[in-house]
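Dumped data.txt below, it's compact mmCIF, C-alpha atoms and all ligand atoms:
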```txt
# COMPACT_ATOMS: atom_id res chain seq x y z
CA MET A 1 119.04 74.49 -14.30
CA THR A 2 119.40 71.03 -15.81
CA GLY A 3 121.73 68.32 -14.52
CA ALA A 4 120.81 66.11 -11.58
CA PRO A 5 117.04 65.49 -11.38
CA SER A 6 115.02 66.74 -8.42
CA ALA A 7 114.76 64.82 -5.13
CA PRO A 8 112.71 61.62 -5.71
CA GLU A 9 110.96 61.95 -2.31
CA ARG A 10 109.44 65.24 -3.48
CA ARG A 11 107.92 63.79 -6.68
CA LEU A 12 104.20 64.33 -7.30
CA VAL A 13 102.21 64.38 -10.53
CA ALA A 14 98.70 65.68 -9.98
CA ALA A 15 95.64 65.64 -12.25
CA ASN A 16 93.32 68.63 -11.94
CA TRP A 17 90.12 67.47 -13.62
CA LYS A 18 88.40 70.84 -13.06
CA MET A 19 84.67 70.68 -14.04
CA HIS A 20 85.07 67.61 -16.27
CA LEU A 21 84.03 63.93 -16.29
CA LEU A 22 81.02 62.05 -14.98
CA ARG A 23 81.11 59.22 -12.46
CA ALA A 24 81.33 56.32 -14.94
CA GLU A 25 84.16 58.06 -16.82
CA ALA A 26 86.03 58.79 -13.60
CA ILE A 27 85.73 55.17 -12.44
CA ALA A 28 86.92 53.84 -15.81
CA PHE A 29 89.93 56.21 -15.67
CA CYS A 30 90.87 55.08 -12.15
CA ARG A 31 90.57 51.38 -13.08
CA GLY A 32 92.81 51.95 -16.10
CA LEU A 33 95.29 53.89 -13.98
CA GLY A 34 95.41 51.04 -11.46
CA GLU A 35 96.13 48.55 -14.24
CA LEU A 36 98.65 50.53 -16.26
CA LEU A 37 100.60 52.66 -13.76
CA PRO A 38 103.99 50.99 -13.13
CA LYS A 39 104.78 50.26 -9.49
CA ASP A 40 107.93 52.41 -9.60
CA ALA A 41 106.18 55.41 -11.18
CA ALA A 42 106.26 58.85 -9.56
CA PRO A 43 103.52 59.28 -6.91
CA ALA A 44 100.32 60.65 -8.42
CA ALA A 45 97.20 62.40 -7.17
CA ILE A 46 93.78 62.98 -8.74
CA PHE A 47 91.72 66.10 -8.01
CA PRO A 48 88.18 65.40 -9.29
CA GLY A 49 85.07 67.55 -8.88
CA PHE A 50 83.37 67.28 -5.47
CA PRO A 51 80.57 64.86 -6.50
CA LEU A 52 83.19 62.41 -7.85
CA LEU A 53 85.33 62.34 -4.69
CA PRO A 54 83.76 59.29 -2.95
CA ALA A 55 83.79 57.16 -6.13
CA VAL A 56 87.38 58.10 -7.03
CA ALA A 57 88.56 57.59 -3.43
CA ALA A 58 86.92 54.15 -3.34
CA GLU A 59 88.52 53.14 -6.65
CA LEU A 60 92.00 54.30 -5.61
CA ALA A 61 91.90 53.02 -2.01
CA GLY A 62 94.98 50.96 -1.27
CA SER A 63 96.88 52.27 -4.31
CA PHE A 64 99.68 54.84 -4.18
CA VAL A 65 97.53 57.37 -6.05
CA ALA A 66 96.14 60.01 -3.69
CA VAL A 67 92.84 61.88 -4.00
CA GLY A 68 92.24 65.57 -3.42
CA ALA A 69 89.48 68.18 -3.58
CA GLN A 70 89.70 71.26 -5.79
CA ASP A 71 88.72 73.74 -3.08
CA ILE A 72 87.88 74.04 0.63
CA HIS A 73 85.88 76.54 2.68
CA PRO A 74 87.87 78.40 5.38
CA ASP A 75 85.31 77.40 8.04
CA ASP A 76 84.59 73.86 9.21
CA GLN A 77 80.81 74.32 9.17
CA GLY A 78 78.15 76.98 8.86
CA ALA A 79 75.67 78.74 6.59
CA HIS A 80 77.66 78.78 3.32
CA THR A 81 75.40 77.52 0.57
CA GLY A 82 77.24 75.64 -2.14
CA ASP A 83 80.56 75.45 -0.30
CA VAL A 84 82.30 72.35 1.01
CA SER A 85 84.14 72.10 4.33
CA GLY A 86 87.36 70.37 5.36
CA PRO A 87 85.56 67.75 7.49
CA GLN A 88 83.27 66.93 4.52
CA ILE A 89 86.26 66.61 2.17
CA ALA A 90 88.09 64.29 4.57
CA ASP A 91 84.88 62.30 5.10
CA ALA A 92 84.63 61.81 1.31
CA GLY A 93 88.03 60.10 1.35
CA ALA A 94 90.34 62.87 0.11
CA THR A 95 93.72 63.62 1.66
CA TRP A 96 94.81 66.60 -0.46
CA VAL A 97 93.14 69.90 -1.35
CA LEU A 98 93.96 72.54 -3.98
CA CYS A 99 94.14 76.05 -2.54
CA GLY A 100 94.30 79.28 -4.53
CA HIS A 101 94.02 77.93 -8.08
CA SER A 102 93.99 80.94 -10.43
CA GLU A 103 90.57 79.96 -11.80
CA ARG A 104 89.12 80.26 -8.29
CA ARG A 105 91.02 83.50 -7.61
CA ARG A 106 89.50 84.82 -10.88
CA ASP A 107 85.95 83.31 -10.80
CA HIS A 108 85.38 83.76 -7.06
CA ALA A 109 87.53 86.82 -6.34
CA GLU A 110 89.63 84.89 -3.83
CA SER A 111 92.09 87.16 -2.04
CA ASP A 112 95.50 86.09 -0.74
CA GLU A 113 94.06 86.39 2.77
CA ARG A 114 91.19 84.02 1.96
CA VAL A 115 93.57 81.55 0.33
CA GLY A 116 95.61 81.67 3.55
CA ARG A 117 92.52 80.80 5.57
CA LYS A 118 91.86 77.88 3.23
CA VAL A 119 95.41 76.56 3.69
CA ALA A 120 94.91 76.84 7.46
CA ALA A 121 91.56 74.99 7.17
CA ALA A 122 93.27 72.19 5.26
CA PHE A 123 95.96 71.75 7.92
CA ARG A 124 93.35 71.93 10.69
CA ASN A 125 91.50 69.02 9.06
CA ARG A 126 94.66 66.98 8.43
CA LEU A 127 94.40 67.53 4.68
CA SER A 128 97.55 68.31 2.65
CA PRO A 129 97.26 71.67 0.85
CA LEU A 130 98.54 71.99 -2.72
CA LEU A 131 98.87 75.75 -3.05
CA CYS A 132 98.82 77.35 -6.51
CA VAL A 133 100.60 80.64 -7.26
CA GLY A 134 101.33 82.36 -10.55
CA GLU A 135 101.47 85.66 -12.38
CA THR A 136 99.26 86.91 -15.22
CA ARG A 137 100.70 87.86 -18.59
CA GLU A 138 100.35 91.57 -17.73
CA GLU A 139 102.17 91.10 -14.43
CA ARG A 140 105.02 89.26 -16.20
CA ARG A 141 105.26 91.93 -18.91
CA ALA A 142 105.40 94.64 -16.25
CA GLY A 143 108.29 92.84 -14.51
CA HIS A 144 106.23 92.02 -11.42
CA THR A 145 106.44 88.21 -11.51
CA PHE A 146 108.55 87.70 -8.39
CA GLU A 147 106.68 90.34 -6.42
CA VAL A 148 103.37 88.59 -7.22
CA LEU A 149 104.73 85.14 -6.32
CA ALA A 150 106.16 86.40 -3.02
CA ARG A 151 102.89 88.13 -2.11
CA GLN A 152 100.73 85.11 -2.94
CA LEU A 153 103.01 82.75 -1.02
CA GLU A 154 103.25 85.01 2.00
CA GLY A 155 99.46 85.50 2.09
CA ALA A 156 98.86 81.76 1.88
CA LEU A 157 101.33 80.93 4.64
CA ALA A 158 100.40 83.82 6.91
CA GLN A 159 98.00 81.85 9.10
CA GLY A 160 100.45 79.55 10.86
CA ALA A 161 101.39 77.11 8.09
CA ASN A 162 104.93 76.95 9.48
CA ARG A 163 103.60 75.78 12.85
CA SER A 164 101.33 73.23 11.13
CA LEU A 165 104.23 71.86 9.09
CA ALA A 166 106.45 71.64 12.14
CA ALA A 167 103.82 69.69 14.12
CA SER A 168 104.65 66.00 14.25
CA GLY A 169 102.60 63.83 11.94
CA ALA A 170 101.37 66.90 10.10
CA PRO A 171 100.03 66.53 6.55
CA ARG A 172 102.29 67.43 3.66
CA PHE A 173 102.34 70.73 1.86
CA ALA A 174 103.01 71.18 -1.87
CA LEU A 175 103.37 74.27 -4.03
CA ALA A 176 102.52 74.62 -7.73
CA TYR A 177 103.94 77.38 -9.91
CA GLU A 178 101.15 77.97 -12.40
CA PRO A 179 101.71 81.02 -14.61
CA VAL A 180 98.19 82.15 -15.53
CA TRP A 181 99.25 82.81 -19.14
CA ALA A 182 100.17 79.13 -19.54
CA ILE A 183 96.98 77.58 -18.11
CA GLY A 184 94.80 76.03 -20.79
CA THR A 185 96.50 78.09 -23.52
CA GLY A 186 98.92 75.55 -24.99
CA GLU A 187 101.68 78.08 -24.28
CA VAL A 188 103.86 76.17 -21.84
CA ALA A 189 106.62 77.91 -19.86
CA THR A 190 110.10 77.06 -21.11
CA PRO A 191 112.22 74.93 -18.76
CA GLU A 192 114.32 78.07 -18.13
CA THR A 193 111.29 80.19 -17.18
CA ALA A 194 109.88 77.46 -14.94
CA SER A 195 113.26 76.84 -13.26
CA GLU A 196 113.83 80.52 -12.59
CA ALA A 197 110.44 80.81 -10.85
CA HIS A 198 111.02 77.57 -8.94
CA VAL A 199 114.41 78.71 -7.64
CA PHE A 200 112.79 81.92 -6.44
CA LEU A 201 109.89 80.06 -4.78
CA ARG A 202 112.20 77.56 -3.05
CA ASP A 203 114.17 80.49 -1.60
CA GLU A 204 110.95 82.18 -0.49
CA LEU A 205 109.77 78.94 1.12
CA SER A 206 113.05 78.73 3.05
CA ARG A 207 112.68 82.32 4.18
CA GLN A 208 109.08 81.83 5.31
CA LEU A 209 109.15 78.24 6.62
CA GLY A 210 112.80 77.61 7.44
CA ALA A 211 115.16 75.53 5.31
CA ALA A 212 114.27 72.14 6.83
CA ALA A 213 110.51 72.41 6.22
CA ALA A 214 111.03 74.08 2.82
CA GLY A 215 113.22 71.19 1.70
CA THR A 216 110.33 68.72 2.04
CA VAL A 217 107.89 70.69 -0.14
CA PRO A 218 107.21 69.31 -3.65
CA LEU A 219 107.39 72.20 -6.10
CA LEU A 220 105.25 71.45 -9.15
CA TYR A 221 104.94 73.21 -12.47
CA GLY A 222 101.47 73.64 -14.02
CA GLY A 223 100.25 75.21 -17.25
CA SER A 224 99.75 73.36 -20.56
CA VAL A 225 101.84 70.36 -19.47
CA ALA A 226 101.58 67.66 -22.16
CA PRO A 227 103.42 64.46 -23.10
CA GLU A 228 105.32 66.49 -25.70
CA ASN A 229 106.79 69.04 -23.26
CA ALA A 230 106.90 67.07 -19.98
CA PRO A 231 110.31 65.36 -20.49
CA ALA A 232 112.13 68.67 -21.06
CA LEU A 233 110.57 70.20 -17.93
CA ALA A 234 111.11 67.06 -15.83
CA VAL A 235 114.89 67.04 -16.25
CA SER A 236 115.14 70.34 -14.39
CA ARG A 237 116.46 69.86 -10.87
CA GLU A 238 113.99 72.51 -9.69
CA VAL A 239 110.83 70.78 -10.97
CA ASP A 240 109.56 68.05 -8.61
CA GLY A 241 106.35 67.27 -10.47
CA PHE A 242 103.41 68.63 -12.44
CA LEU A 243 99.87 69.86 -11.93
CA VAL A 244 98.13 68.82 -15.13
CA GLY A 245 94.75 70.09 -16.36
CA GLY A 246 93.60 69.29 -19.91
CA ALA A 247 96.12 66.50 -20.59
CA SER A 248 95.10 64.68 -17.38
CA LEU A 249 91.65 63.88 -18.80
CA ASP A 250 93.15 61.33 -21.19
CA LEU A 251 94.58 58.29 -19.41
CA GLY A 252 97.27 57.62 -21.99
CA ARG A 253 98.49 61.21 -21.99
CA PHE A 254 98.47 61.40 -18.18
CA LEU A 255 100.45 58.14 -17.91
CA SER A 256 102.95 59.43 -20.42
CA ILE A 257 103.40 62.65 -18.39
CA ILE A 258 103.96 60.64 -15.19
CA SER A 259 106.56 58.55 -17.01
CA ALA A 260 108.56 61.70 -17.79
CA PHE A 261 109.81 61.48 -14.18
CA GLY A 262 110.58 57.80 -14.54
CA ARG A 263 112.86 58.65 -17.42
CA ALA A 264 114.36 61.61 -15.61
CA THR A 265 115.68 59.45 -12.76
CA THR A 266 117.24 56.72 -14.85
P1 LIG B 1 96.24 73.00 -18.06
O1 LIG B 1 95.74 73.38 -16.58
O2 LIG B 1 97.19 71.84 -17.92
O3 LIG B 1 94.99 72.63 -18.81
O4 LIG B 1 96.92 74.19 -18.61
C1 LIG B 1 96.61 73.35 -15.49
C2 LIG B 1 95.88 73.78 -14.25
O5 LIG B 1 95.03 74.67 -14.32
O6 LIG B 1 96.15 73.27 -13.14
```

Just dump the structure as structure tokens.
Amino acid sequence: MTGAPSAPERRLVAANWKMHLLRAEAIAFCRGLGELLPKDAAPAAIFPGFPLLPAVAAELAGSFVAVGAQDIHPDDQGAHTGDVSGPQIADAGATWVLCGHSERRRDHAESDERVGRKVAAAFRNRLSPLLCVGETREERRAGHTFEVLARQLEGALAQGANRSLAASGAPRFALAYEPVWAIGTGEVATPETASEAHVFLRDELSRQLGAAAAGTVPLLYGGSVAPENAPALAVSREVDGFLVGGASLDLGRFLSIISAFGRATT
């Protein structure tokens, strides 16, 4: 579990701002990040709400902090009031997109099949999908964790993700293990629990994508990550990075979480 840290080329620390922050706050955060983030820090990405994408992308242009959307419609255009398409996301300056976050699965009844179509839409539009999977507390208690993770991953990759990843110059693909019981609850998974799920997911990725493609995929942990618990999780060889919700809204706390990987490599 612990020992050598994870592969540096798979590092990624992502901020999921959810439905928070206004434009001026987002711009101030990005300026501060640009000033304070050390050059040798782990690569980072910010996922702001849709209306903030152009401003955040403009602020972070030329930096090594990427920008992503929090959702994508499976179709590239059409009569879908309130939804946002891959071409619109790319046009706004984003290069990543979250797919299958548990809050969208819950609030919008997103099925594994629909998440798979979203992953395919991301690849089609040269956006890098960051896929979220994770079990509920009931599923964990019933001993169904691995079954749920396998089903969610298989559904998300069912629409040709392996071909998209194999294509030359294809966007990246990242996976976040986000146990639903840990999201926004303050109840973080222990390093042992996170590592066990990550080992399982890495094996599943190899089975579904082939070992070479699976080896390039950053495998992030998400769910109540904070400066206090990040260092213990970051030393695990299985944890390549974090997807951070609440603690990513505070610049100082987010910087401190990113630095957990700096410390893990030295
Ligand atoms: P949290 O959210 O860090 O606030 O638990 C994580 C997420 O939902 O991605």

Using all atoms listed in the file, find each residue with an atom at most 7 Å away from ligand LIG 1 (chain B) and format the answer as a list of chain:residue names.
-> A:Asn16, A:Glu178, A:Ala182, A:Ile183, A:Gly184, A:Thr185, A:Gly186, A:Gly222, A:Gly223, A:Ser224, A:Val225, A:Leu243, A:Val244, A:Gly245, A:Gly246, A:Ala247

Among listed residues A:Gly143, A:Pro171, A:Gly93, A:Gly68, nearest A:Asn125 (using only C-alpha atoms) | A:Pro171

Exercise: stretch 233-240 of chain A partners within 10 Å, all atoms listed in the file, chain neighbours under 4 positions left out, as a PDB file with C-alpha atoms, in the coordinates of the input:
```
ATOM      1  CA  MET A   1     119.040  74.490 -14.300  1.00  0.00           C
ATOM      2  CA  THR A   2     119.400  71.030 -15.810  1.00  0.00           C
ATOM      3  CA  GLY A   3     121.730  68.320 -14.520  1.00  0.00           C
ATOM      4  CA  ALA A   4     120.810  66.110 -11.580  1.00  0.00           C
ATOM      5  CA  PRO A   5     117.040  65.490 -11.380  1.00  0.00           C
ATOM      6  CA  SER A   6     115.020  66.740  -8.420  1.00  0.00           C
ATOM      7  CA  ALA A   7     114.760  64.820  -5.130  1.00  0.00           C
ATOM      8  CA  PRO A   8     112.710  61.620  -5.710  1.00  0.00           C
ATOM      9  CA  GLU A   9     110.960  61.950  -2.310  1.00  0.00           C
ATOM     10  CA  ARG A  10     109.440  65.240  -3.480  1.00  0.00           C
ATOM     11  CA  ARG A  11     107.920  63.790  -6.680  1.00  0.00           C
ATOM     12  CA  LEU A  12     104.200  64.330  -7.300  1.00  0.00           C
ATOM     13  CA  VAL A  13     102.210  64.380 -10.530  1.00  0.00           C
ATOM     14  CA  ALA A  42     106.260  58.850  -9.560  1.00  0.00           C
ATOM     15  CA  ALA A 174     103.010  71.180  -1.870  1.00  0.00           C
ATOM     16  CA  LEU A 175     103.370  74.270  -4.030  1.00  0.00           C
ATOM     17  CA  ALA A 176     102.520  74.620  -7.730  1.00  0.00           C
ATOM     18  CA  TYR A 177     103.940  77.380  -9.910  1.00  0.00           C
ATOM     19  CA  VAL A 188     103.860  76.170 -21.840  1.00  0.00           C
ATOM     20  CA  ALA A 189     106.620  77.910 -19.860  1.00  0.00           C
ATOM     21  CA  THR A 190     110.100  77.060 -21.110  1.00  0.00           C
ATOM     22  CA  PRO A 191     112.220  74.930 -18.760  1.00  0.00           C
ATOM     23  CA  GLU A 192     114.320  78.070 -18.130  1.00  0.00           C
ATOM     24  CA  ALA A 194     109.880  77.460 -14.940  1.00  0.00           C
ATOM     25  CA  SER A 195     113.260  76.840 -13.260  1.00  0.00           C
ATOM     26  CA  GLU A 196     113.830  80.520 -12.590  1.00  0.00           C
ATOM     27  CA  ALA A 197     110.440  80.810 -10.850  1.00  0.00           C
ATOM     28  CA  HIS A 198     111.020  77.570  -8.940  1.00  0.00           C
ATOM     29  CA  VAL A 199     114.410  78.710  -7.640  1.00  0.00           C
ATOM     30  CA  LEU A 201     109.890  80.060  -4.780  1.00  0.00           C
ATOM     31  CA  ARG A 202     112.200  77.560  -3.050  1.00  0.00           C
ATOM     32  CA  VAL A 217     107.890  70.690  -0.140  1.00  0.00           C
ATOM     33  CA  PRO A 218     107.210  69.310  -3.650  1.00  0.00           C
ATOM     34  CA  LEU A 219     107.390  72.200  -6.100  1.00  0.00           C
ATOM     35  CA  LEU A 220     105.250  71.450  -9.150  1.00  0.00           C
ATOM     36  CA  TYR A 221     104.940  73.210 -12.470  1.00  0.00           C
ATOM     37  CA  VAL A 225     101.840  70.360 -19.470  1.00  0.00           C
ATOM     38  CA  ASN A 229     106.790  69.040 -23.260  1.00  0.00           C
ATOM     39  CA  ILE A 257     103.400  62.650 -18.390  1.00  0.00           C
ATOM     40  CA  ILE A 258     103.960  60.640 -15.190  1.00  0.00           C
ATOM     41  CA  SER A 259     106.560  58.550 -17.010  1.00  0.00           C
ATOM     42  CA  ALA A 260     108.560  61.700 -17.790  1.00  0.00           C
ATOM     43  CA  PHE A 261     109.810  61.480 -14.180  1.00  0.00           C
ATOM     44  CA  GLY A 262     110.580  57.800 -14.540  1.00  0.00           C
ATOM     45  CA  ARG A 263     112.860  58.650 -17.420  1.00  0.00           C
ATOM     46  CA  ALA A 264     114.360  61.610 -15.610  1.00  0.00           C
ATOM     47  CA  THR A 265     115.680  59.450 -12.760  1.00  0.00           C
TER      48      THR A 265
END
```

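Straight-line separation from atom CA of A:Gly134 to atom CA of A:Asn162: 21.1 Å.
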